[in-house]
Amino acid sequence: MTYILPPLNALRAFEAAARHLSFKLAAHELHVTPAAVGQQVKALEARLGVRLFERLHKQLILTAAGQAYLPEISDGFRRIADATAQLKPVGAVLLQLGVHGSFDLRRLELEQFRASHAEIGLRVLQPAGLHELIEGKVDVLIARGVGHHPGCRCDRVTEGSGLGDWLIAPAGTADCPEIASFRDWLRGLPADNSLALHRRRRLVGIVRS
């Protein structure tokens, strides 16, 4: 059976905005801009041919259709989340990694990490930010910023100074074996701006061999 569904990101935008009755709060939860949430909701309404919100001055109100739609969508997401939580990655220890939304996961070479660290079950949440780390939804976080967070160990992922990508972990668990292993893995990866060069070097090595 093929399910005909609206785009997942649009449904997430609607569900978050409907719970908060705010594009701004939904944007904070989803790590995007309020404008992006508004655009996703508008696109969803256009796709469905149904108005889900009344947009009043500084106020967002669900229409009757939106009120009927919200509990079903929320229940669907809850079922997906529960089913996902029951899946356990292979490995004796579970490491939950949060990553900010604009980070290219290909840079992490996660399949190679999993292959070489069979004792660690790695799960990735993207997008994720500091509040997911604080709430314990992730064990360690790759965040974009300047890397100063009291109570946390911050290790720079990208080269250079100033704004960049940082690996952030609570000070109390920053040196546990699974986080230390992932930190060492990051240090062995190519720099932020050399992914293509790294691939070319691999190809050259293959040709020469």
# chains A, B, ... in the order shown; residues from 1 in each chain; ligands from 1
$ residues_around --residues "Thr63 of chain A" --least-positions-apart "4" --cutoff "10 Å" --atoms "only C-alpha atoms" --output "compact mmCIF listing (two decimals) with N, CA and C atoms, in the first residue's frame"
# COMPACT_ATOMS: atom_id res chain seq x y z
N VAL A 50 -7.04 23.58 2.33
CA VAL A 50 -7.77 23.86 3.57
C VAL A 50 -6.97 24.86 4.39
N ARG A 51 -7.64 25.85 4.96
CA ARG A 51 -6.99 26.81 5.83
C ARG A 51 -6.91 26.23 7.23
N LEU A 52 -5.71 26.17 7.78
CA LEU A 52 -5.49 25.55 9.10
C LEU A 52 -5.39 26.56 10.22
N PHE A 53 -4.97 27.79 9.89
CA PHE A 53 -4.81 28.84 10.89
C PHE A 53 -5.53 30.10 10.45
N GLU A 54 -6.02 30.85 11.43
CA GLU A 54 -6.41 32.24 11.22
C GLU A 54 -5.26 33.10 11.73
N ARG A 55 -4.72 33.92 10.88
CA ARG A 55 -3.57 34.75 11.24
C ARG A 55 -4.07 36.15 11.58
N GLN A 67 -8.05 22.39 14.14
CA GLN A 67 -8.31 21.73 15.41
C GLN A 67 -8.57 20.24 15.23
N ALA A 68 -9.25 19.88 14.15
CA ALA A 68 -9.53 18.46 13.89
C ALA A 68 -8.27 17.73 13.43
N TYR A 69 -7.40 18.44 12.71
CA TYR A 69 -6.20 17.83 12.11
C TYR A 69 -5.11 17.60 13.16
$ select_by_dssp --residues "segment 37-88 of chain A" --states "strand (DSSP E)" --output "list in words"
Phe53, Glu54, Arg55, Leu56, Gln59, Leu60, Ile61 and Leu62 of chain A
$ write_last_selection --atoms "N, CA and C atoms" --output "CSV table (one decimal), in the first residue's frame"
chain,number,residue,atom,x,y,z
A,53,PHE,N,-5.0,27.8,9.9
A,53,PHE,CA,-4.8,28.8,10.9
A,53,PHE,C,-5.5,30.1,10.4
A,54,GLU,N,-6.0,30.8,11.4
A,54,GLU,CA,-6.4,32.2,11.2
A,54,GLU,C,-5.3,33.1,11.7
A,55,ARG,N,-4.7,33.9,10.9
A,55,ARG,CA,-3.6,34.7,11.2
A,55,ARG,C,-4.1,36.1,11.6
A,56,LEU,N,-4.3,36.4,12.9
A,56,LEU,CA,-4.7,37.7,13.3
A,56,LEU,C,-3.5,38.5,13.8
A,59,GLN,N,-1.4,37.2,16.7
A,59,GLN,CA,-2.1,36.0,17.3
A,59,GLN,C,-2.3,35.0,16.2
A,60,LEU,N,-2.2,33.7,16.6
A,60,LEU,CA,-2.4,32.6,15.7
A,60,LEU,C,-3.5,31.7,16.3
A,61,ILE,N,-4.5,31.5,15.5
A,61,ILE,CA,-5.7,30.7,16.0
A,61,ILE,C,-5.9,29.6,15.0
A,62,LEU,N,-6.2,28.4,15.5
A,62,LEU,CA,-6.5,27.2,14.7
A,62,LEU,C,-7.9,27.4,14.2
$ atom_distance --atom1 "atom CA of Lys24 of chain A" --atom2 "atom CA of Leu44 of chain A"
17.8 Å
$ closest_residue --among "A:Glu15, A:Ala118, A:Leu141, A:Ser22" --to "Asp75 of chain A" --atoms "only C-alpha atoms"
A:Glu15
$ closest_atom_pairs --of "segment 130-184 of chain A" --to "segment 26-33 of chain A" --cutoff "12 Å" --atoms "only C-alpha atoms" --output "JSON lines"
{"residue": "A:Leu130", "atom": "CA", "partner": "A:His31", "partner_atom": "CA", "distance": 10.5}
{"residue": "A:His131", "atom": "CA", "partner": "A:Glu29", "partner_atom": "CA", "distance": 9.1}
{"residue": "A:Glu132", "atom": "CA", "partner": "A:Glu29", "partner_atom": "CA", "distance": 9.6}
{"residue": "A:Ala143", "atom": "CA", "partner": "A:His31", "partner_atom": "CA", "distance": 11.5}
{"residue": "A:Arg144", "atom": "CA", "partner": "A:His31", "partner_atom": "CA", "distance": 11.8}
$ select_by_dssp --residues "segment 18-110 of chain A" --states "alpha helix (DSSP H)" --output "VMD selection string"
chain A and resid 18 to 20 23 to 30 34 to 48 64 to 86 110
$ write_last_selection --atoms "N, CA and C atoms" --output "CSV table (one decimal), in the first residue's frame"
chain,number,residue,atom,x,y,z
A,18,ALA,N,0.9,24.6,15.8
A,18,ALA,CA,-0.4,24.4,16.4
A,18,ALA,C,-0.4,24.2,17.9
A,19,ARG,N,0.7,23.5,18.3
A,19,ARG,CA,0.8,23.2,19.8
A,19,ARG,C,1.1,24.5,20.5
A,20,HIS,N,2.0,25.3,19.9
A,20,HIS,CA,2.5,26.6,20.5
A,20,HIS,C,1.6,27.8,20.2
A,23,PHE,N,4.4,30.8,15.5
A,23,PHE,CA,5.4,30.4,14.5
A,23,PHE,C,6.8,30.6,15.2
A,24,LYS,N,7.0,31.6,16.0
A,24,LYS,CA,8.3,31.9,16.6
A,24,LYS,C,8.7,30.7,17.6
A,25,LEU,N,7.8,30.3,18.4
A,25,LEU,CA,8.1,29.2,19.3
A,25,LEU,C,8.3,27.9,18.6
A,26,ALA,N,7.5,27.7,17.5
A,26,ALA,CA,7.7,26.5,16.7
A,26,ALA,C,9.1,26.5,16.0
A,27,ALA,N,9.5,27.7,15.5
A,27,ALA,CA,10.8,27.8,14.9
A,27,ALA,C,11.9,27.5,15.9
A,28,HIS,N,11.7,27.9,17.1
A,28,HIS,CA,12.8,27.6,18.1
A,28,HIS,C,12.9,26.1,18.4
A,29,GLU,N,11.7,25.5,18.4
A,29,GLU,CA,11.7,24.0,18.6
A,29,GLU,C,12.4,23.3,17.5
A,30,LEU,N,12.1,23.7,16.2
A,30,LEU,CA,12.5,23.0,15.0
A,30,LEU,C,13.9,23.5,14.5
A,34,PRO,N,11.2,31.7,12.0
A,34,PRO,CA,9.7,31.8,12.0
A,34,PRO,C,9.2,31.9,10.5
A,35,ALA,N,9.9,32.6,9.7
A,35,ALA,CA,9.5,32.7,8.3
A,35,ALA,C,9.5,31.3,7.6
A,36,ALA,N,10.4,30.5,7.9
A,36,ALA,CA,10.5,29.1,7.3
A,36,ALA,C,9.2,28.3,7.8
A,37,VAL,N,8.9,28.4,9.1
A,37,VAL,CA,7.7,27.7,9.6
A,37,VAL,C,6.5,28.2,8.9
A,38,GLY,N,6.4,29.6,8.7
A,38,GLY,CA,5.2,30.1,8.1
A,38,GLY,C,5.1,29.7,6.6
A,39,GLN,N,6.2,29.6,5.9
A,39,GLN,CA,6.2,29.2,4.5
A,39,GLN,C,5.8,27.7,4.4
A,40,GLN,N,6.3,26.9,5.3
A,40,GLN,CA,5.9,25.4,5.3
A,40,GLN,C,4.4,25.3,5.6
A,41,VAL,N,3.9,26.0,6.5
A,41,VAL,CA,2.5,25.9,6.8
A,41,VAL,C,1.6,26.4,5.7
A,42,LYS,N,2.0,27.5,5.1
A,42,LYS,CA,1.3,28.0,3.9
A,42,LYS,C,1.3,27.0,2.8
A,43,ALA,N,2.5,26.4,2.5
A,43,ALA,CA,2.6,25.4,1.5
A,43,ALA,C,1.7,24.2,1.8
A,44,LEU,N,1.6,23.8,3.1
A,44,LEU,CA,0.7,22.7,3.4
A,44,LEU,C,-0.7,23.0,3.2
A,45,GLU,N,-1.1,24.2,3.6
A,45,GLU,CA,-2.5,24.7,3.4
A,45,GLU,C,-2.9,24.7,1.9
A,46,ALA,N,-1.9,25.1,1.1
A,46,ALA,CA,-2.1,25.2,-0.4
A,46,ALA,C,-2.3,23.7,-0.9
A,47,ARG,N,-1.5,22.8,-0.4
A,47,ARG,CA,-1.5,21.4,-0.9
A,47,ARG,C,-2.8,20.8,-0.5
A,48,LEU,N,-3.3,21.1,0.7
A,48,LEU,CA,-4.5,20.4,1.2
A,48,LEU,C,-5.8,21.1,0.7
A,64,ALA,N,-11.4,25.4,12.5
A,64,ALA,CA,-12.0,24.2,12.9
A,64,ALA,C,-11.3,23.0,12.2
A,65,ALA,N,-10.8,23.2,11.0
A,65,ALA,CA,-10.1,22.1,10.3
A,65,ALA,C,-8.8,21.9,11.0
A,66,GLY,N,-8.1,22.9,11.4
A,66,GLY,CA,-6.8,22.8,12.1
A,66,GLY,C,-7.0,22.1,13.4
A,67,GLN,N,-8.1,22.4,14.1
A,67,GLN,CA,-8.3,21.7,15.4
A,67,GLN,C,-8.6,20.2,15.2
A,68,ALA,N,-9.3,19.9,14.1
A,68,ALA,CA,-9.5,18.5,13.9
A,68,ALA,C,-8.3,17.7,13.4
A,69,TYR,N,-7.4,18.4,12.7
A,69,TYR,CA,-6.2,17.8,12.1
A,69,TYR,C,-5.1,17.6,13.2
A,70,LEU,N,-5.0,18.5,14.1
A,70,LEU,CA,-3.8,18.5,15.0
A,70,LEU,C,-3.7,17.2,15.8
A,71,PRO,N,-4.8,16.8,16.5
A,71,PRO,CA,-4.6,15.5,17.4
A,71,PRO,C,-4.2,14.3,16.6
A,72,GLU,N,-4.7,14.2,15.3
A,72,GLU,CA,-4.4,13.1,14.5
A,72,GLU,C,-2.9,13.1,14.1
A,73,ILE,N,-2.4,14.3,13.7
A,73,ILE,CA,-1.0,14.5,13.3
A,73,ILE,C,-0.1,14.3,14.5
A,74,SER,N,-0.5,14.8,15.7
A,74,SER,CA,0.3,14.7,16.9
A,74,SER,C,0.4,13.2,17.3
A,75,ASP,N,-0.7,12.5,17.2
A,75,ASP,CA,-0.7,11.1,17.5
A,75,ASP,C,0.2,10.3,16.5
A,76,GLY,N,0.2,10.7,15.3
A,76,GLY,CA,1.0,10.0,14.3
A,76,GLY,C,2.5,10.2,14.6
A,77,PHE,N,2.9,11.4,14.9
A,77,PHE,CA,4.3,11.7,15.3
A,77,PHE,C,4.7,10.9,16.6
A,78,ARG,N,3.7,10.9,17.5
A,78,ARG,CA,4.0,10.2,18.8
A,78,ARG,C,4.2,8.7,18.5
A,79,ARG,N,3.4,8.1,17.6
A,79,ARG,CA,3.6,6.7,17.3
A,79,ARG,C,5.0,6.4,16.6
A,80,ILE,N,5.3,7.3,15.7
A,80,ILE,CA,6.6,7.2,15.1
A,80,ILE,C,7.8,7.3,16.1
A,81,ALA,N,7.7,8.3,17.0
A,81,ALA,CA,8.7,8.5,18.0
A,81,ALA,C,8.8,7.3,18.9
A,82,ASP,N,7.7,6.7,19.3
A,82,ASP,CA,7.7,5.5,20.2
A,82,ASP,C,8.3,4.3,19.5
A,83,ALA,N,7.9,4.2,18.2
A,83,ALA,CA,8.5,3.0,17.4
A,83,ALA,C,10.0,3.2,17.3
A,84,THR,N,10.4,4.4,17.0
A,84,THR,CA,11.9,4.7,16.8
A,84,THR,C,12.6,4.5,18.1
A,85,ALA,N,12.0,4.9,19.3
A,85,ALA,CA,12.7,4.7,20.6
A,85,ALA,C,12.9,3.2,20.9
A,86,GLN,N,12.0,2.4,20.4
A,86,GLN,CA,12.2,0.9,20.6
A,86,GLN,C,13.3,0.3,19.8
A,110,LEU,N,29.9,8.4,9.2
A,110,LEU,CA,29.3,7.7,10.3
A,110,LEU,C,29.3,6.1,10.1
$ residues_around --residues "Ser102 of chain A" --least-positions-apart "3" --cutoff "12 Å" --atoms "only C-alpha atoms" --output "PyMOL selection string"
chain A and resi 31-32+99+105-107+126-129+142-144+164-165
$ closest_residue --among "A:Leu167, A:Val140, A:Ile134, A:Arg12" --to "Leu122 of chain A" --atoms "only C-alpha atoms"
A:Val140
$ atom_distance --atom1 "atom CA of Leu97 of chain A" --atom2 "atom CA of Leu125 of chain A"
6.2 Å
$ closest_residue --among "A:Ile179, A:Ala174, A:Leu186, A:Val138" --to "Thr158 of chain A" --atoms "only C-alpha atoms"
A:Leu186
$ atom_distance --atom1 "atom CA of Gly121 of chain A" --atom2 "atom CA of Gly151 of chain A"
25.5 Å
